[in-house]
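File shown: coords-v8.txt (compact mmCIF, C-alpha atoms and all ligand atoms).
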# COMPACT_ATOMS: atom_id res chain seq x y z
CA MET T 800 129.29 108.04 111.94
CA THR T 801 127.14 109.71 114.53
CA THR T 802 123.39 109.69 114.34
CA LEU T 803 121.45 112.91 114.12
CA PRO T 804 120.03 114.03 117.47
CA LEU T 805 116.23 114.25 117.49
CA HIS T 806 114.45 116.71 119.77
CA PHE T 807 111.26 115.29 121.23
CA SER T 808 108.42 117.28 122.78
CA ALA T 809 107.57 116.27 126.34
CA GLU T 810 104.46 114.34 125.35
CA VAL T 811 106.24 112.53 122.50
CA ALA T 812 109.08 111.53 124.82
CA GLN T 813 106.50 110.17 127.26
CA ALA T 814 104.67 108.19 124.55
CA ARG T 815 107.97 106.74 123.31
CA ALA T 816 108.88 105.62 126.82
CA ALA T 817 105.44 104.04 127.26
CA GLY T 818 105.42 102.51 123.78
CA THR T 819 102.02 104.00 122.93
CA ALA T 820 100.69 105.11 119.54
CA LEU T 821 102.21 108.17 117.84
CA VAL T 822 100.99 110.05 114.77
CA ALA T 823 103.33 112.32 112.81
CA LEU T 824 101.97 115.64 111.46
CA GLU T 825 103.63 117.89 108.89
CA SER T 826 104.35 121.60 109.23
CA THR T 827 104.33 122.86 105.62
CA ILE T 828 100.55 122.77 105.76
CA ILE T 829 100.88 125.28 108.65
CA THR T 830 103.43 127.64 107.09
CA HIS T 831 102.62 127.35 103.39
CA GLY T 832 99.20 125.72 103.16
CA MET T 833 96.92 127.94 105.25
CA PRO T 834 96.81 131.61 106.29
CA TYR T 835 97.40 132.82 109.87
CA PRO T 836 95.59 132.62 112.30
CA GLN T 837 93.53 129.71 110.95
CA ASN T 838 96.74 127.71 110.42
CA LEU T 839 97.53 127.80 114.15
CA GLU T 840 93.96 127.00 115.16
CA VAL T 841 93.94 124.03 112.79
CA ALA T 842 97.36 122.79 113.92
CA ARG T 843 96.18 122.82 117.53
CA GLN T 844 92.83 121.28 116.66
CA VAL T 845 94.41 118.44 114.70
CA GLU T 846 96.78 117.68 117.59
CA ALA T 847 93.77 117.63 119.93
CA ASP T 848 91.93 115.27 117.55
CA VAL T 849 94.86 112.83 117.68
CA ARG T 850 94.84 112.92 121.50
CA THR T 851 91.07 112.41 121.63
CA ALA T 852 91.52 109.38 119.37
CA GLY T 853 93.97 107.87 121.86
CA ALA T 854 97.32 108.62 120.20
CA THR T 855 100.05 111.24 120.65
CA PRO T 856 100.65 113.92 118.00
CA ALA T 857 104.19 114.61 116.77
CA THR T 858 104.26 117.74 114.62
CA ILE T 859 107.59 117.83 112.81
CA ALA T 860 109.69 120.89 111.92
CA VAL T 861 113.28 122.16 111.91
CA ILE T 862 113.81 125.05 114.33
CA ALA T 863 117.22 126.71 114.49
CA GLY T 864 118.93 123.66 113.06
CA ARG T 865 117.25 121.14 115.35
CA LEU T 866 114.95 118.44 114.04
CA HIS T 867 111.89 118.51 116.30
CA ILE T 868 109.63 115.50 116.66
CA GLY T 869 106.65 117.07 118.39
CA LEU T 870 106.46 120.80 119.08
CA GLU T 871 105.61 122.49 122.36
CA ASP T 872 102.65 124.85 121.97
CA ALA T 873 104.81 127.99 122.03
CA GLN T 874 106.98 126.58 119.21
CA LEU T 875 103.87 125.81 117.18
CA ALA T 876 102.58 129.36 117.72
CA THR T 877 105.91 130.89 116.68
CA LEU T 878 106.16 128.75 113.56
CA ALA T 879 102.59 129.57 112.49
CA GLN T 880 103.38 133.32 112.52
CA ALA T 881 106.96 133.22 111.24
CA LYS T 882 107.68 134.86 107.90
CA GLY T 883 109.90 133.37 105.23
CA VAL T 884 110.08 129.88 106.72
CA ALA T 885 111.75 127.45 104.30
CA LYS T 886 109.72 124.65 102.74
CA LEU T 887 111.76 121.50 103.27
CA SER T 888 111.53 118.43 101.10
CA ARG T 889 114.02 115.52 100.95
CA ALA T 890 116.60 117.66 99.14
CA ASP T 891 116.53 120.51 101.68
CA LEU T 892 116.33 118.84 105.06
CA ALA T 893 120.01 118.17 105.76
CA VAL T 894 121.15 121.56 104.45
CA CYS T 895 118.64 123.34 106.69
CA ILE T 896 119.72 121.37 109.78
CA ALA T 897 123.44 121.75 109.01
CA SER T 898 123.16 125.50 108.53
CA GLY T 899 121.09 126.14 111.65
CA GLY T 900 118.02 127.13 109.67
CA THR T 901 114.30 126.95 110.37
CA GLY T 902 111.96 125.16 108.03
CA ALA T 903 108.64 123.41 107.70
CA THR T 904 108.56 119.81 106.52
CA THR T 905 106.57 118.65 103.49
CA VAL T 906 105.10 115.17 103.25
CA ALA T 907 108.45 113.82 101.98
CA ALA T 908 110.55 115.41 104.75
CA THR T 909 108.00 114.55 107.44
CA MET T 910 108.13 110.90 106.36
CA ILE T 911 111.92 110.91 106.63
CA ALA T 912 111.81 112.43 110.12
CA ALA T 913 108.99 110.11 111.23
CA GLU T 914 110.94 107.04 110.16
CA LEU T 915 114.05 108.29 111.99
CA ALA T 916 111.90 108.64 115.12
CA GLY T 917 110.28 105.23 114.71
CA ILE T 918 106.83 106.66 113.92
CA SER T 919 104.92 104.57 111.37
CA VAL T 920 101.79 106.63 110.70
CA PHE T 921 101.43 110.20 109.45
CA ALA T 922 98.32 112.29 108.80
CA THR T 923 98.14 115.20 106.37
CA GLY T 924 95.69 116.89 104.01
CA GLY T 925 96.87 116.07 100.53
CA ILE T 926 100.15 114.80 99.14
CA GLY T 927 102.09 116.43 96.34
CA GLY T 928 101.93 114.71 92.96
CA ALA T 929 102.33 115.11 89.23
CA HIS T 930 101.18 118.60 88.28
CA LYS T 931 99.05 119.41 85.26
CA GLY T 932 101.48 119.87 82.39
CA ALA T 933 104.08 117.62 84.09
CA GLU T 934 104.95 116.20 80.66
CA GLU T 935 106.44 119.64 79.88
CA SER T 936 107.48 120.98 83.29
CA PHE T 937 108.60 117.66 84.84
CA ASP T 938 106.95 118.93 88.05
CA ILE T 939 106.40 115.73 90.00
CA SER T 940 106.52 116.02 93.77
CA ALA T 941 109.29 114.31 95.71
CA ASP T 942 106.44 113.07 97.96
CA LEU T 943 105.77 110.28 95.45
CA LEU T 944 109.34 108.98 95.49
CA GLU T 945 109.39 109.20 99.28
CA LEU T 946 106.34 106.96 99.50
CA ALA T 947 108.32 104.45 97.46
CA GLN T 948 111.28 104.33 99.84
CA THR T 949 110.30 105.36 103.37
CA ARG T 950 108.28 103.02 105.55
CA VAL T 951 105.49 105.29 106.77
CA THR T 952 101.75 104.94 106.18
CA VAL T 953 100.44 108.33 105.03
CA VAL T 954 96.77 109.20 105.48
CA ALA T 955 95.63 111.89 103.01
CA ALA T 956 92.35 112.83 101.33
CA GLY T 957 93.53 111.67 97.93
CA ALA T 958 95.56 113.74 95.53
CA LYS T 959 94.55 117.36 95.29
CA ALA T 960 92.44 118.31 92.29
CA ILE T 961 95.13 120.89 91.40
CA LEU T 962 97.22 117.91 90.29
CA ASP T 963 97.00 115.62 87.31
CA VAL T 964 95.56 112.75 89.32
CA PRO T 965 95.79 110.02 86.65
CA LYS T 966 99.49 110.82 86.11
CA THR T 967 100.01 110.85 89.88
CA LEU T 968 98.49 107.37 90.13
CA GLU T 969 100.68 106.11 87.29
CA VAL T 970 103.84 107.31 89.03
CA LEU T 971 102.74 105.70 92.30
CA GLU T 972 102.03 102.44 90.50
CA THR T 973 105.43 102.47 88.79
CA GLN T 974 107.07 103.13 92.15
CA GLY T 975 105.20 100.24 93.78
CA VAL T 976 103.27 102.35 96.27
CA PRO T 977 99.99 100.84 97.51
CA VAL T 978 97.23 103.42 97.00
CA ILE T 979 94.39 102.30 99.25
CA ALA T 980 90.98 103.97 99.32
CA TYR T 981 89.41 103.79 102.75
CA GLY T 982 85.87 102.42 102.79
CA GLN T 983 84.99 103.02 99.12
CA ASP T 984 85.93 101.82 95.63
CA HIS T 985 86.71 105.19 94.10
CA LEU T 986 89.61 107.45 94.79
CA PRO T 987 88.65 110.49 96.87
CA ALA T 988 89.54 113.85 95.29
CA PHE T 989 90.61 115.97 98.26
CA TRP T 990 87.83 118.61 98.41
CA SER T 991 85.35 116.05 97.01
CA ALA T 992 84.69 112.63 98.54
CA SER T 993 84.85 110.78 95.26
CA SER T 994 86.33 111.00 91.79
CA ALA T 995 85.72 109.19 88.52
CA LEU T 996 88.86 107.13 89.13
CA LYS T 997 88.72 103.71 90.70
CA ALA T 998 91.28 103.31 93.49
CA PRO T 999 93.90 100.60 92.89
CA LEU T 1000 93.19 99.05 96.33
CA ARG T 1001 90.54 99.31 99.01
CA LEU T 1002 90.50 98.54 102.74
CA ASP T 1003 87.65 99.16 105.17
CA ASP T 1004 89.17 98.94 108.57
CA PRO T 1005 92.15 100.55 110.38
CA ALA T 1006 93.34 97.16 111.68
CA GLN T 1007 93.58 95.83 108.11
CA ILE T 1008 95.61 98.88 107.12
CA ALA T 1009 97.92 98.30 110.08
CA ARG T 1010 98.32 94.64 109.10
CA ALA T 1011 99.18 95.61 105.53
CA HIS T 1012 101.83 98.04 106.83
CA HIS T 1013 103.23 95.34 109.10
CA THR T 1014 103.22 92.75 106.31
CA ARG T 1015 105.16 94.98 103.92
CA ALA T 1016 107.77 95.51 106.62
CA ALA T 1017 107.88 91.77 107.39
CA MET T 1018 108.56 91.14 103.68
CA GLY T 1019 111.43 93.59 103.77
CA LEU T 1020 109.74 95.88 101.27
CA PRO T 1021 110.84 99.48 101.63
CA GLY T 1022 108.34 102.29 101.21
CA GLY T 1023 105.03 103.25 102.72
CA GLN T 1024 101.36 103.12 101.88
CA LEU T 1025 99.08 105.93 100.77
CA ILE T 1026 95.68 105.78 102.45
CA ALA T 1027 93.14 107.88 100.57
CA ASN T 1028 90.49 108.85 103.11
CA PRO T 1029 87.42 110.62 101.71
CA ILE T 1030 86.44 114.01 103.11
CA PRO T 1031 83.24 113.78 105.22
CA LEU T 1032 80.25 114.25 102.87
CA ASN T 1033 78.87 117.22 104.83
CA ALA T 1034 82.11 119.14 104.23
CA GLU T 1035 82.82 118.36 100.57
CA ILE T 1036 82.83 120.85 97.70
CA PRO T 1037 81.43 119.38 94.47
CA SER T 1038 84.20 119.06 91.89
CA ALA T 1039 82.07 120.91 89.32
CA ASP T 1040 82.18 124.02 91.57
CA LEU T 1041 85.95 123.82 91.88
CA ALA T 1042 86.98 122.91 88.33
CA PRO T 1043 86.73 126.46 86.88
CA ILE T 1044 88.50 127.92 89.93
CA ILE T 1045 91.35 125.44 89.70
CA ALA T 1046 91.66 126.13 85.97
CA ARG T 1047 91.88 129.87 86.66
CA ALA T 1048 94.46 129.48 89.42
CA GLN T 1049 96.51 127.19 87.16
CA SER T 1050 96.45 129.64 84.26
CA GLU T 1051 97.54 132.47 86.58
CA ALA T 1052 100.42 130.30 87.77
CA ASP T 1053 101.42 129.66 84.15
CA THR T 1054 101.15 133.35 83.18
CA GLN T 1055 103.18 134.44 86.20
CA ALA T 1056 105.76 131.69 85.52
CA ILE T 1057 105.43 130.23 89.04
CA ARG T 1058 107.87 127.34 89.27
CA GLY T 1059 109.23 124.65 91.56
CA LYS T 1060 108.37 124.80 95.24
CA GLU T 1061 106.19 127.86 94.80
CA VAL T 1062 103.60 126.13 92.63
CA THR T 1063 101.63 124.27 95.31
CA PRO T 1064 101.46 127.17 97.84
CA PHE T 1065 100.50 129.59 95.04
CA LEU T 1066 97.64 127.40 93.82
CA LEU T 1067 96.32 126.73 97.34
CA GLN T 1068 96.38 130.44 98.19
CA ARG T 1069 94.57 131.45 94.97
CA ILE T 1070 91.94 128.75 95.42
CA PHE T 1071 91.41 129.96 99.00
CA GLU T 1072 90.86 133.51 97.71
CA LEU T 1073 88.70 132.51 94.74
CA THR T 1074 86.43 130.29 96.88
CA GLU T 1075 86.25 133.02 99.57
CA GLY T 1076 87.60 130.65 102.18
CA ARG T 1077 85.38 127.69 101.32
CA SER T 1078 88.39 125.62 100.25
CA LEU T 1079 89.96 126.20 103.67
CA THR T 1080 86.85 125.08 105.56
CA ALA T 1081 86.85 121.85 103.57
CA ASN T 1082 90.61 121.47 104.01
CA ILE T 1083 90.23 121.70 107.79
CA ALA T 1084 87.47 119.09 107.87
CA LEU T 1085 89.49 116.61 105.84
CA VAL T 1086 92.74 117.04 107.79
CA ARG T 1087 90.87 116.44 111.05
CA ASN T 1088 89.23 113.37 109.55
CA ASN T 1089 92.63 112.07 108.44
CA ALA T 1090 94.09 112.65 111.91
CA ARG T 1091 91.36 110.50 113.43
CA LEU T 1092 91.88 107.62 111.00
CA ALA T 1093 95.68 107.81 111.35
CA SER T 1094 95.29 107.57 115.14
CA GLU T 1095 93.22 104.39 114.81
CA ILE T 1096 95.81 102.86 112.46
CA ALA T 1097 98.63 103.84 114.82
CA ARG T 1098 96.80 102.30 117.77
CA ALA T 1099 96.21 99.08 115.84
CA LEU T 1100 99.90 98.97 114.87
CA SER T 1101 101.09 99.56 118.42
CA THR T 1102 99.20 96.48 119.63
CA MET T 1103 100.91 94.38 116.91
CA ARG T 1104 104.48 95.06 117.94
N1 LIG O 1 98.36 119.67 100.86
C1 LIG O 1 97.73 120.69 101.44
N2 LIG O 1 98.46 121.74 101.84
C2 LIG O 1 99.81 121.77 101.70
C3 LIG O 1 100.48 120.67 101.09
C4 LIG O 1 99.72 119.63 100.69
O1 LIG O 1 96.51 120.68 101.59
O2 LIG O 1 100.44 122.75 102.11
C5 LIG O 1 101.98 120.65 101.00
C6 LIG O 1 102.51 119.34 101.62
O3 LIG O 1 103.52 119.68 102.55
C7 LIG O 1 103.09 118.60 100.44
C8 LIG O 1 103.58 119.74 99.62
O4 LIG O 1 104.11 117.70 100.79
O5 LIG O 1 102.52 120.69 99.70
C9 LIG O 1 103.90 119.34 98.20
O6 LIG O 1 104.66 120.33 97.61
P1 LIG O 1 105.34 120.08 96.17
O7 LIG O 1 104.16 119.95 95.24
O8 LIG O 1 106.16 121.32 95.91
O9 LIG O 1 106.15 118.84 96.29
MN MN O 2 106.81 120.39 92.55
Now that the file is in, can you turn its structure into structure tokens?
Ligand code: PSU
Ligand code: MN
Amino acid sequence: MTTLPLHFSAEVAQARAAGTALVALESTIITHGMPYPQNLEVARQVEADVRTAGATPATIAVIAGRLHIGLEDAQLATLAQAKGVAKLSRADLAVCIASGGTGATTVAATMIAAELAGISVFATGGIGGAHKGAEESFDISADLLELAQTRVTVVAAGAKAILDVPKTLEVLETQGVPVIAYGQDHLPAFWSASSALKAPLRLDDPAQIARAHHTRAAMGLPGGQLIANPIPLNAEIPSADLAPIIARAQSEADTQAIRGKEVTPFLLQRIFELTEGRSLTANIALVRNNARLASEIARALSTMR
């Protein structure tokens, strides 16, 4: 059996040779999570935030059948404007590579690629989860099962309020995924810094998070950790403001029979429109915040090896 060739950007190749900290970044947030041109500005900004925090960014995507670990700026710019890019989760990744396709990686697919490349820490906005009505639709993101089997620490701002967060937590608990709130007792709720739900676990320092990652690996436990990092208070949207908007977007999705992969992009786009861009501003602030924390965790981990 041959191993799949990985295509590293110049800066990622350099960091690998030097053994310095790397942070994986996903690309579905660019192609399906935000409109152009803000998506490109944010993608560049988040990469810059990782560099400022002393780590190297590795944005992951499949371009013309090649699995890229780190994109050159021109590739990032092309991807951000491309139309009809596939959204790749665990099920889609190999088919896209084998057929020479181009696709953006979700949290699940980014974790798979990061692990293949030996990258232990990954920053995103929000993970997929159990959707409202999952008891009927069975719509539970493959991201949750990936966290259970792929050894990558994922920094997100909690589960998005478009999801059924209690059900999402139950699935994560069943799957043995540590859900760790950073610096507070309660679970952050993506656009809002806190929720009514207590987080299963709490850690207050990036070095502790790195040690927990290391310890799981040393025990031979597969799977990653979910770090729930609250959005900065000055950027949050109170959940009371968002609840009616989310309810409206959800009922439109139901009426229009939006299914499968389309659900999350549809809801994010409608919430962006209905908040007149306010959801995007908050989304940007929280992704940047997650990139900074992920960089600190990655740096702590790289000193432990
Ligand atoms: N969070 C965002 N924007 C996004 C996503 C999450 O703020 O675009 C994407 C991520 O790539 C995540 C995916 O993995 O949505 C989940 O999709 P699904 O619910 O279809 O599994
Ligand atoms: Mn889904």
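Using all atoms listed in the file for every distance, the candidate list T:Gly899, T:Gly917, T:Gly925, T:Gly982 yields T:Gly925 as the residue closest to Glu825 of chain T.
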Note to self: Within 8 Å of ligand MN 2 (chain O) (counting all atoms listed in the file), which residues show up? I'd like them as a VMD selection string.
What the structure shows: chain T and resid 927 to 930 938 to 941 1058 to 1063
Would you give me, as a tab-separated table, each residue of chain T having an atom within 9 Å of an atom of ligand LIG 1 (chain O), along with its shortest atom pair and that distance in Å to one decimal, using only C-alpha atoms and all ligand atoms and sorting by chain and residue number?
residue	atom	partner	partner_atom	distance
T:Glu825	CA	O:LIG1	O3	6.6
T:Ser826	CA	O:LIG1	O3	7.0
T:Thr827	CA	O:LIG1	O3	4.5
T:Ile828	CA	O:LIG1	O2	3.7
T:Ile829	CA	O:LIG1	O2	7.0
T:Thr830	CA	O:LIG1	O2	7.6
T:His831	CA	O:LIG1	O2	5.2
T:Gly832	CA	O:LIG1	O2	3.4
T:Met833	CA	O:LIG1	O2	7.0
T:Lys886	CA	O:LIG1	O3	7.9
T:Leu887	CA	O:LIG1	O3	8.5
T:Ser888	CA	O:LIG1	O9	7.2
T:Ala903	CA	O:LIG1	O3	8.2
T:Thr904	CA	O:LIG1	O3	6.4
T:Thr905	CA	O:LIG1	O3	3.4
T:Val906	CA	O:LIG1	O4	3.7
T:Ala907	CA	O:LIG1	O4	5.9
T:Ala908	CA	O:LIG1	O4	7.9
T:Thr909	CA	O:LIG1	O4	8.3
T:Thr923	CA	O:LIG1	N1	7.1
T:Gly924	CA	O:LIG1	O1	4.6
T:Gly925	CA	O:LIG1	N1	3.9
T:Ile926	CA	O:LIG1	C7	5.0
T:Gly927	CA	O:LIG1	C9	3.9
T:Gly928	CA	O:LIG1	O7	6.1
T:Ala929	CA	O:LIG1	O7	7.9
T:His930	CA	O:LIG1	O7	7.7
T:Asp938	CA	O:LIG1	O7	7.8
T:Ile939	CA	O:LIG1	O9	7.0
T:Ser940	CA	O:LIG1	O9	3.8
T:Ala941	CA	O:LIG1	O9	5.5
T:Asp942	CA	O:LIG1	O4	5.9
T:Leu943	CA	O:LIG1	O9	8.6
T:Ala955	CA	O:LIG1	N1	8.5
T:Ala956	CA	O:LIG1	O1	8.9
T:Ala958	CA	O:LIG1	N1	8.5
T:Lys959	CA	O:LIG1	N1	7.1
T:Leu962	CA	O:LIG1	O7	8.8
T:Phe989	CA	O:LIG1	O1	8.3
T:Gly1059	CA	O:LIG1	O8	6.3
T:Lys1060	CA	O:LIG1	O8	4.2
T:Glu1061	CA	O:LIG1	O8	6.6
T:Val1062	CA	O:LIG1	O8	6.4
T:Thr1063	CA	O:LIG1	O7	5.0
T:Pro1064	CA	O:LIG1	O2	6.2
T:Leu1067	CA	O:LIG1	N2	7.1
T:Leu1079	CA	O:LIG1	O1	8.8
T:Asn1082	CA	O:LIG1	O1	6.4
T:Ile1083	CA	O:LIG1	O1	8.9
T:Val1086	CA	O:LIG1	O1	8.1
Notebook entry, point to check: In Å, with one decimal, what is the gap from atom CA of His985 of chain T to atom CA of Glu1035 of chain T?
Noted result: 15.2 Å
Margin query: Env of Ala1052 of chain T: 10 Å cut, atoms = all atoms listed in the file, seq-sep filter 2 positions within chain, self excluded. Answer as a ChimeraX atom specification.
Written below: /T:1046-1050,1054-1058,1061-1063,1065-1066,1069
Item checked: All residues 12 Å or closer to Ile862 of chain T, all atoms listed in the file, same chain fewer than 6 positions away omitted, as a list in words -> Leu805, His806, Ser826, Ile868, Gly869, Leu870, Glu871, Gln874, Leu875, Thr877, Leu878, Ala881, Val884, Ala885, Leu887, Leu892, Cys895, Ile896, Ala897, Ser898, Gly899, Gly900, Thr901, Gly902, Ala903 and Thr904 of chain T
Next item on the list: Work out how far apart atom CA of Ala820 of chain T and atom CA of Ala1011 of chain T are and give it in Å to one decimal.
Entry: 17.0 Å
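Among the candidates T:Ser1078, T:Asn1088, T:Ser936, T:Gln837, the residue lying nearest to Val954 of chain T is T:Asn1088 (atoms considered: only C-alpha atoms).
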Notebook entry, point to check: What lies within 8 Å of Leu1000 of chain T using only C-alpha atoms, ignoring chain neighbours under 4 positions off, as a ChimeraX atom specification?
Noted result: /T:977-980,984
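Distances here use only C-alpha atoms; by that measure, the residue among T:Leu1041, T:Val976, T:Val861, T:Ala1027 closest to Arg1015 of chain T is T:Val976.
For the pair atom CA of Leu866 of chain T and atom CA of Pro834 of chain T, the interatomic distance is 23.7 Å.
Residues with any atom within 7 Å of Pro1031 of chain T, counting only C-alpha atoms and excluding same-chain neighbours fewer than 3 positions away, are Ala992, Ala1034, Glu1035 and Leu1085 of chain T.
Here the question is which of T:Thr967, T:Ala1084, T:Thr952, T:Ala933 gets nearest to Ser991 of chain T using only C-alpha atoms, and that residue is T:Ala1084.
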